[in-house]
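Accompanying notes for the structure given below.
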Amino acid sequence: MNILLVEDEVRVADFIRRGLGAEGWSVDHVAGGEEALEQAKANVYDVILLDLMLPGIQGLDVCRKLRARKSKTPILMLTALDSPEEKVKGLKTGADDYLPKPFEFDELIARVEALHRRANCYAKEADDTVITSGTLTFDKSSLQIAVAGQTVDLSKKERDLLLLFLTNQGRVLSRERILNAVWSMNEDPLTNVVDVYVGRLRRKIGCEGERIVTLRNVGYRMT
């Protein structure tokens, strides 16, 4: 799971980041509202943990701006402001859940998992069975892939990699994020397995492979 943590208190942020990391999750941390909006625009996250009291743009405004962009990423607000009025305000702004500080870490984990599970259920209900992009089609039910009507034989990892690109077209995916999504935590982050599999996938899908663009020292993007 990829998480964006927006928290300006260094000790609190470090505590949360280490705890989530121990669960095997990938965590990006920023301390301000502007940085949060930039990160959310440049990357794909499963859940955003958002403090309300931030330097610059406040948490409520960050949430409001994200929803104005049509972002559907679940947002869990973390704050010392725990009055019913504050909770209602946060939820009406677009947050999916609200957890007052201080909190039990087990509760934070449970809420993050619940938000992720709920979002995945909605996404699965909304998704079409067949993804079509350019001359490429991916049938998620039969796991059949074709380019210009010609069936392409891919391994499981190659299929998972292609599906990741297709569902994130136009977005930059770092090697670390690809590794986490396709191989989970089983691979050394310094391995070149991502580059090797991207090369294989490009060759197998022919002309459509040219749409997978390498961003040097950053990762890949499917145009």
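Just remember, in the structure tokens the first chain shown is A, the second B, etc., residues are 1-based per chain, and ligands are 1-based in the order shown.
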Please provide as an mmCIF file with C-alpha atoms, in the first residue's frame all residues within 9 Å of region 23-32 of chain A, with the sequence filter that same-chain residues fewer than 6 positions apart are discarded (counting only C-alpha atoms).
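What follows is the written file out-v6.cif:
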```cif
data_model
loop_
_atom_site.group_PDB
_atom_site.id
_atom_site.type_symbol
_atom_site.label_atom_id
_atom_site.label_comp_id
_atom_site.auth_asym_id
_atom_site.auth_seq_id
_atom_site.Cartn_x
_atom_site.Cartn_y
_atom_site.Cartn_z
ATOM 1 C CA MET A 1 0.000 0.000 0.000
ATOM 2 C CA ASN A 2 1.267 3.486 -0.885
ATOM 3 C CA ILE A 3 0.486 6.205 1.638
ATOM 4 C CA LEU A 4 0.984 9.978 1.651
ATOM 5 C CA LEU A 5 1.542 11.338 5.169
ATOM 6 C CA VAL A 6 1.005 15.090 5.583
ATOM 7 C CA GLU A 7 2.241 16.058 9.054
ATOM 8 C CA ASP A 8 4.366 19.001 10.175
ATOM 9 C CA GLU A 9 5.310 17.697 13.646
ATOM 10 C CA VAL A 10 8.591 15.854 13.100
ATOM 11 C CA ALA A 13 5.537 12.066 11.524
ATOM 12 C CA ASP A 14 8.547 9.875 12.287
ATOM 13 C CA ARG A 17 6.134 6.665 9.188
ATOM 14 C CA GLN A 39 2.885 14.919 -4.284
ATOM 15 C CA LEU A 54 -0.308 22.798 8.659
ATOM 16 C CA PRO A 55 2.020 25.631 7.666
ATOM 17 C CA GLY A 56 0.796 27.481 4.587
ATOM 18 C CA ILE A 57 -2.280 25.780 3.161
ATOM 19 C CA GLN A 58 -4.339 24.231 5.958
ATOM 20 C CA GLY A 59 -5.486 20.610 5.892
ATOM 21 C CA ILE A 109 -3.810 0.749 11.121
ATOM 22 C CA GLU A 176 10.073 1.625 -6.098
ATOM 23 C CA ARG A 177 6.322 1.961 -6.572
ATOM 24 C CA ASN A 180 6.003 -2.582 -4.392
ATOM 25 C CA SER A 184 5.367 -6.595 -3.102
ATOM 26 C CA MET A 185 8.150 -6.658 -0.479
#
```
Could you pull out the helix (DSSP H, G or I) residues of region 28-210 of chain A, going by DSSP on the backbone, and write them as a PyMOL selection string? chain A and resi 33-42+59-68+84-93+105-126+156-166+175-183+193-204+206-210
In region 71-185 of chain A, DSSP strand (DSSP E or B) residues written as a ChimeraX atom specification: /A:75-79,97-100,130-133,136-139,144-147,150-152,172-174
Excluding Arg200 (chain A) and residues on its chain fewer than 5 positions from it, collect all residues at most 12 Å away from it, counting only C-alpha atoms, and give them as an NGL selection string. :A and (153-155 or 157-159 or 161-162 or 193-195 or 205-206 or 209 or 212)
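Compared by their closest atoms to Asp96 (chain A), and using only C-alpha atoms, the residues A:Arg111, A:Arg69, A:Arg171, A:Arg18 rank with A:Arg111 nearest.
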In terms of the shortest atom-to-atom distance over only C-alpha atoms, which of A:Arg221, A:Glu107, A:Val147, A:Trp183 is closest to Cys207 (chain A)? A:Val147
Nearest to Lys92 (chain A), chosen from A:Leu20, A:Ala119, A:Cys63, A:Ala114, with only C-alpha atoms counted in the distances: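 Checking each candidate against Lys92 (chain A), we get A:Cys63 as the closest.
Reported to one decimal place, the separation of CA of Thr73 (chain A) from CA of His116 (chain A) is 9.0 Å.
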For Phe165 (chain A): contacts at 12 Å, only C-alpha atoms, fewer than 6 positions along chain excluded, given as a PyMOL selection string: chain A and resi 44+131+133+138+158-159+171-174+177-178+181-182+198+201-202+208-209+211-213+219-223
Could those residues be written to a file, using N, CA, C and O atoms, as a CSV table (one decimal), in the first residue's frame?
```csv
chain,number,residue,atom,x,y,z
A,44,VAL,N,0.6,8.2,-7.3
A,44,VAL,CA,-0.6,7.5,-7.0
A,44,VAL,C,-0.6,7.0,-5.6
A,44,VAL,O,0.4,6.3,-5.2
A,131,ILE,N,-10.2,-3.4,-20.6
A,131,ILE,CA,-9.5,-2.1,-20.8
A,131,ILE,C,-9.0,-2.0,-22.2
A,131,ILE,O,-8.3,-2.9,-22.7
A,133,SER,N,-7.0,0.6,-24.8
A,133,SER,CA,-6.1,1.8,-24.9
A,133,SER,C,-5.3,1.7,-26.2
A,133,SER,O,-4.5,0.8,-26.3
A,138,PHE,N,-7.1,-5.3,-22.9
A,138,PHE,CA,-6.7,-6.2,-21.7
A,138,PHE,C,-8.0,-6.7,-21.1
A,138,PHE,O,-8.8,-5.9,-20.5
A,158,GLU,N,4.3,-9.9,-16.1
A,158,GLU,CA,4.2,-9.0,-17.2
A,158,GLU,C,2.8,-8.5,-17.3
A,158,GLU,O,2.5,-7.3,-17.6
A,159,ARG,N,1.8,-9.3,-17.1
A,159,ARG,CA,0.4,-8.9,-17.1
A,159,ARG,C,0.1,-7.9,-16.0
A,159,ARG,O,-0.5,-6.9,-16.2
A,171,ARG,N,0.5,9.0,-15.6
A,171,ARG,CA,1.1,9.2,-14.3
A,171,ARG,C,2.6,8.6,-14.2
A,171,ARG,O,2.8,7.6,-14.8
A,172,VAL,N,3.4,9.3,-13.5
A,172,VAL,CA,4.8,8.8,-13.3
A,172,VAL,C,4.8,7.8,-12.2
A,172,VAL,O,4.2,8.0,-11.1
A,173,LEU,N,5.3,6.6,-12.5
A,173,LEU,CA,5.5,5.5,-11.6
A,173,LEU,C,7.0,5.3,-11.3
A,173,LEU,O,7.7,4.9,-12.2
A,174,SER,N,7.4,5.5,-10.1
A,174,SER,CA,8.8,5.3,-9.8
A,174,SER,C,9.1,3.8,-9.8
A,174,SER,O,8.2,2.9,-9.6
A,177,ARG,N,7.8,2.2,-6.6
A,177,ARG,CA,6.3,2.0,-6.6
A,177,ARG,C,5.9,0.7,-7.4
A,177,ARG,O,5.1,0.0,-7.0
A,178,ILE,N,6.6,0.6,-8.6
A,178,ILE,CA,6.3,-0.6,-9.4
A,178,ILE,C,6.7,-1.8,-8.7
A,178,ILE,O,6.0,-2.8,-8.7
A,181,ALA,N,4.2,-2.6,-6.0
A,181,ALA,CA,2.9,-3.0,-6.5
A,181,ALA,C,2.9,-4.4,-7.2
A,181,ALA,O,1.9,-5.1,-7.0
A,182,VAL,N,3.9,-4.7,-7.9
A,182,VAL,CA,3.9,-5.9,-8.7
A,182,VAL,C,4.7,-7.1,-8.0
A,182,VAL,O,4.2,-8.2,-8.0
A,198,VAL,N,10.1,-4.4,-17.7
A,198,VAL,CA,9.6,-3.3,-18.6
A,198,VAL,C,10.1,-3.5,-20.0
A,198,VAL,O,9.4,-3.4,-21.0
A,201,LEU,N,8.2,-6.4,-21.6
A,201,LEU,CA,6.9,-6.0,-21.9
A,201,LEU,C,6.8,-5.2,-23.2
A,201,LEU,O,6.0,-5.4,-24.0
A,202,ARG,N,7.8,-4.2,-23.3
A,202,ARG,CA,7.8,-3.4,-24.5
A,202,ARG,C,8.0,-4.2,-25.7
A,202,ARG,O,7.3,-4.0,-26.7
A,208,GLU,N,2.9,-0.7,-29.3
A,208,GLU,CA,2.3,-0.1,-28.1
A,208,GLU,C,3.3,0.1,-26.9
A,208,GLU,O,3.2,0.9,-26.0
A,209,GLY,N,4.4,-0.7,-27.1
A,209,GLY,CA,5.5,-0.6,-26.1
A,209,GLY,C,6.2,0.8,-26.1
A,209,GLY,O,6.8,1.2,-25.1
A,211,ARG,N,4.8,3.5,-26.0
A,211,ARG,CA,4.1,4.4,-25.1
A,211,ARG,C,4.6,4.4,-23.7
A,211,ARG,O,4.3,5.3,-22.9
A,212,ILE,N,5.4,3.4,-23.3
A,212,ILE,CA,6.0,3.3,-22.0
A,212,ILE,C,7.3,4.0,-22.0
A,212,ILE,O,8.3,3.5,-22.5
A,213,VAL,N,7.3,5.2,-21.5
A,213,VAL,CA,8.4,6.2,-21.6
A,213,VAL,C,9.3,6.1,-20.3
A,213,VAL,O,8.8,6.0,-19.2
A,219,GLY,N,11.6,7.0,-13.2
A,219,GLY,CA,10.8,5.8,-13.3
A,219,GLY,C,10.2,5.7,-14.7
A,219,GLY,O,10.9,6.0,-15.7
A,220,TYR,N,8.9,5.4,-14.8
A,220,TYR,CA,8.3,5.2,-16.1
A,220,TYR,C,6.9,5.9,-16.1
A,220,TYR,O,6.3,6.1,-15.1
A,221,ARG,N,6.4,6.2,-17.4
A,221,ARG,CA,5.1,6.7,-17.6
A,221,ARG,C,4.5,6.1,-18.8
A,221,ARG,O,5.2,6.1,-19.9
A,222,MET,N,3.3,5.7,-18.8
A,222,MET,CA,2.6,5.2,-20.0
A,222,MET,C,1.8,6.4,-20.6
A,222,MET,O,0.9,6.9,-19.9
A,223,THR,N,2.2,6.8,-21.8
A,223,THR,CA,1.5,8.0,-22.4
A,223,THR,C,0.2,7.6,-22.9
A,223,THR,O,-0.1,6.4,-23.2
```
Spatial neighbours of region 83-85 of chain A, 10 Å, only C-alpha atoms, chain gap at least 4 places, as a list in words: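 Result of the neighbour search: Lys89, Gly90 and Pro100 of chain A.
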Serialized selection, all heavy atoms, as a PDB file, in the first residue's frame:
```
ATOM      1  N   LYS A  89     -17.105  19.308   9.978  1.00  0.00           N
ATOM      2  CA  LYS A  89     -16.509  20.191   8.981  1.00  0.00           C
ATOM      3  C   LYS A  89     -15.545  19.411   8.085  1.00  0.00           C
ATOM      4  O   LYS A  89     -15.546  19.569   6.859  1.00  0.00           O
ATOM      5  CB  LYS A  89     -15.768  21.327   9.673  1.00  0.00           C
ATOM      6  CG  LYS A  89     -15.292  22.427   8.725  1.00  0.00           C
ATOM      7  CD  LYS A  89     -14.415  23.433   9.451  1.00  0.00           C
ATOM      8  CE  LYS A  89     -15.152  24.106  10.588  1.00  0.00           C
ATOM      9  NZ  LYS A  89     -14.283  25.131  11.247  1.00  0.00           N
ATOM     10  N   GLY A  90     -14.696  18.571   8.702  1.00  0.00           N
ATOM     11  CA  GLY A  90     -13.729  17.785   7.940  1.00  0.00           C
ATOM     12  C   GLY A  90     -14.399  16.803   6.995  1.00  0.00           C
ATOM     13  O   GLY A  90     -14.021  16.685   5.823  1.00  0.00           O
ATOM     14  N   PRO A 100      -8.919  11.616  15.948  1.00  0.00           N
ATOM     15  CA  PRO A 100      -8.328  12.629  16.836  1.00  0.00           C
ATOM     16  C   PRO A 100      -7.005  12.145  17.447  1.00  0.00           C
ATOM     17  O   PRO A 100      -6.814  10.955  17.696  1.00  0.00           O
ATOM     18  CB  PRO A 100      -9.386  12.804  17.931  1.00  0.00           C
ATOM     19  CG  PRO A 100     -10.632  12.161  17.401  1.00  0.00           C
ATOM     20  CD  PRO A 100     -10.168  11.069  16.493  1.00  0.00           C
TER      21      PRO A 100
END
```
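Distance-wise, CA of Leu99 (chain A) and CA of Leu78 (chain A) end up 5.1 Å apart.
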List the neighbours of Thr132 (chain A) out to 12 Å using only C-alpha atoms; skip same-chain residues closer than 6 positions along the sequence, and give me the result as an MDAnalysis selection string. chainID A and resid 138:140 144:149 163 166:167 169 208
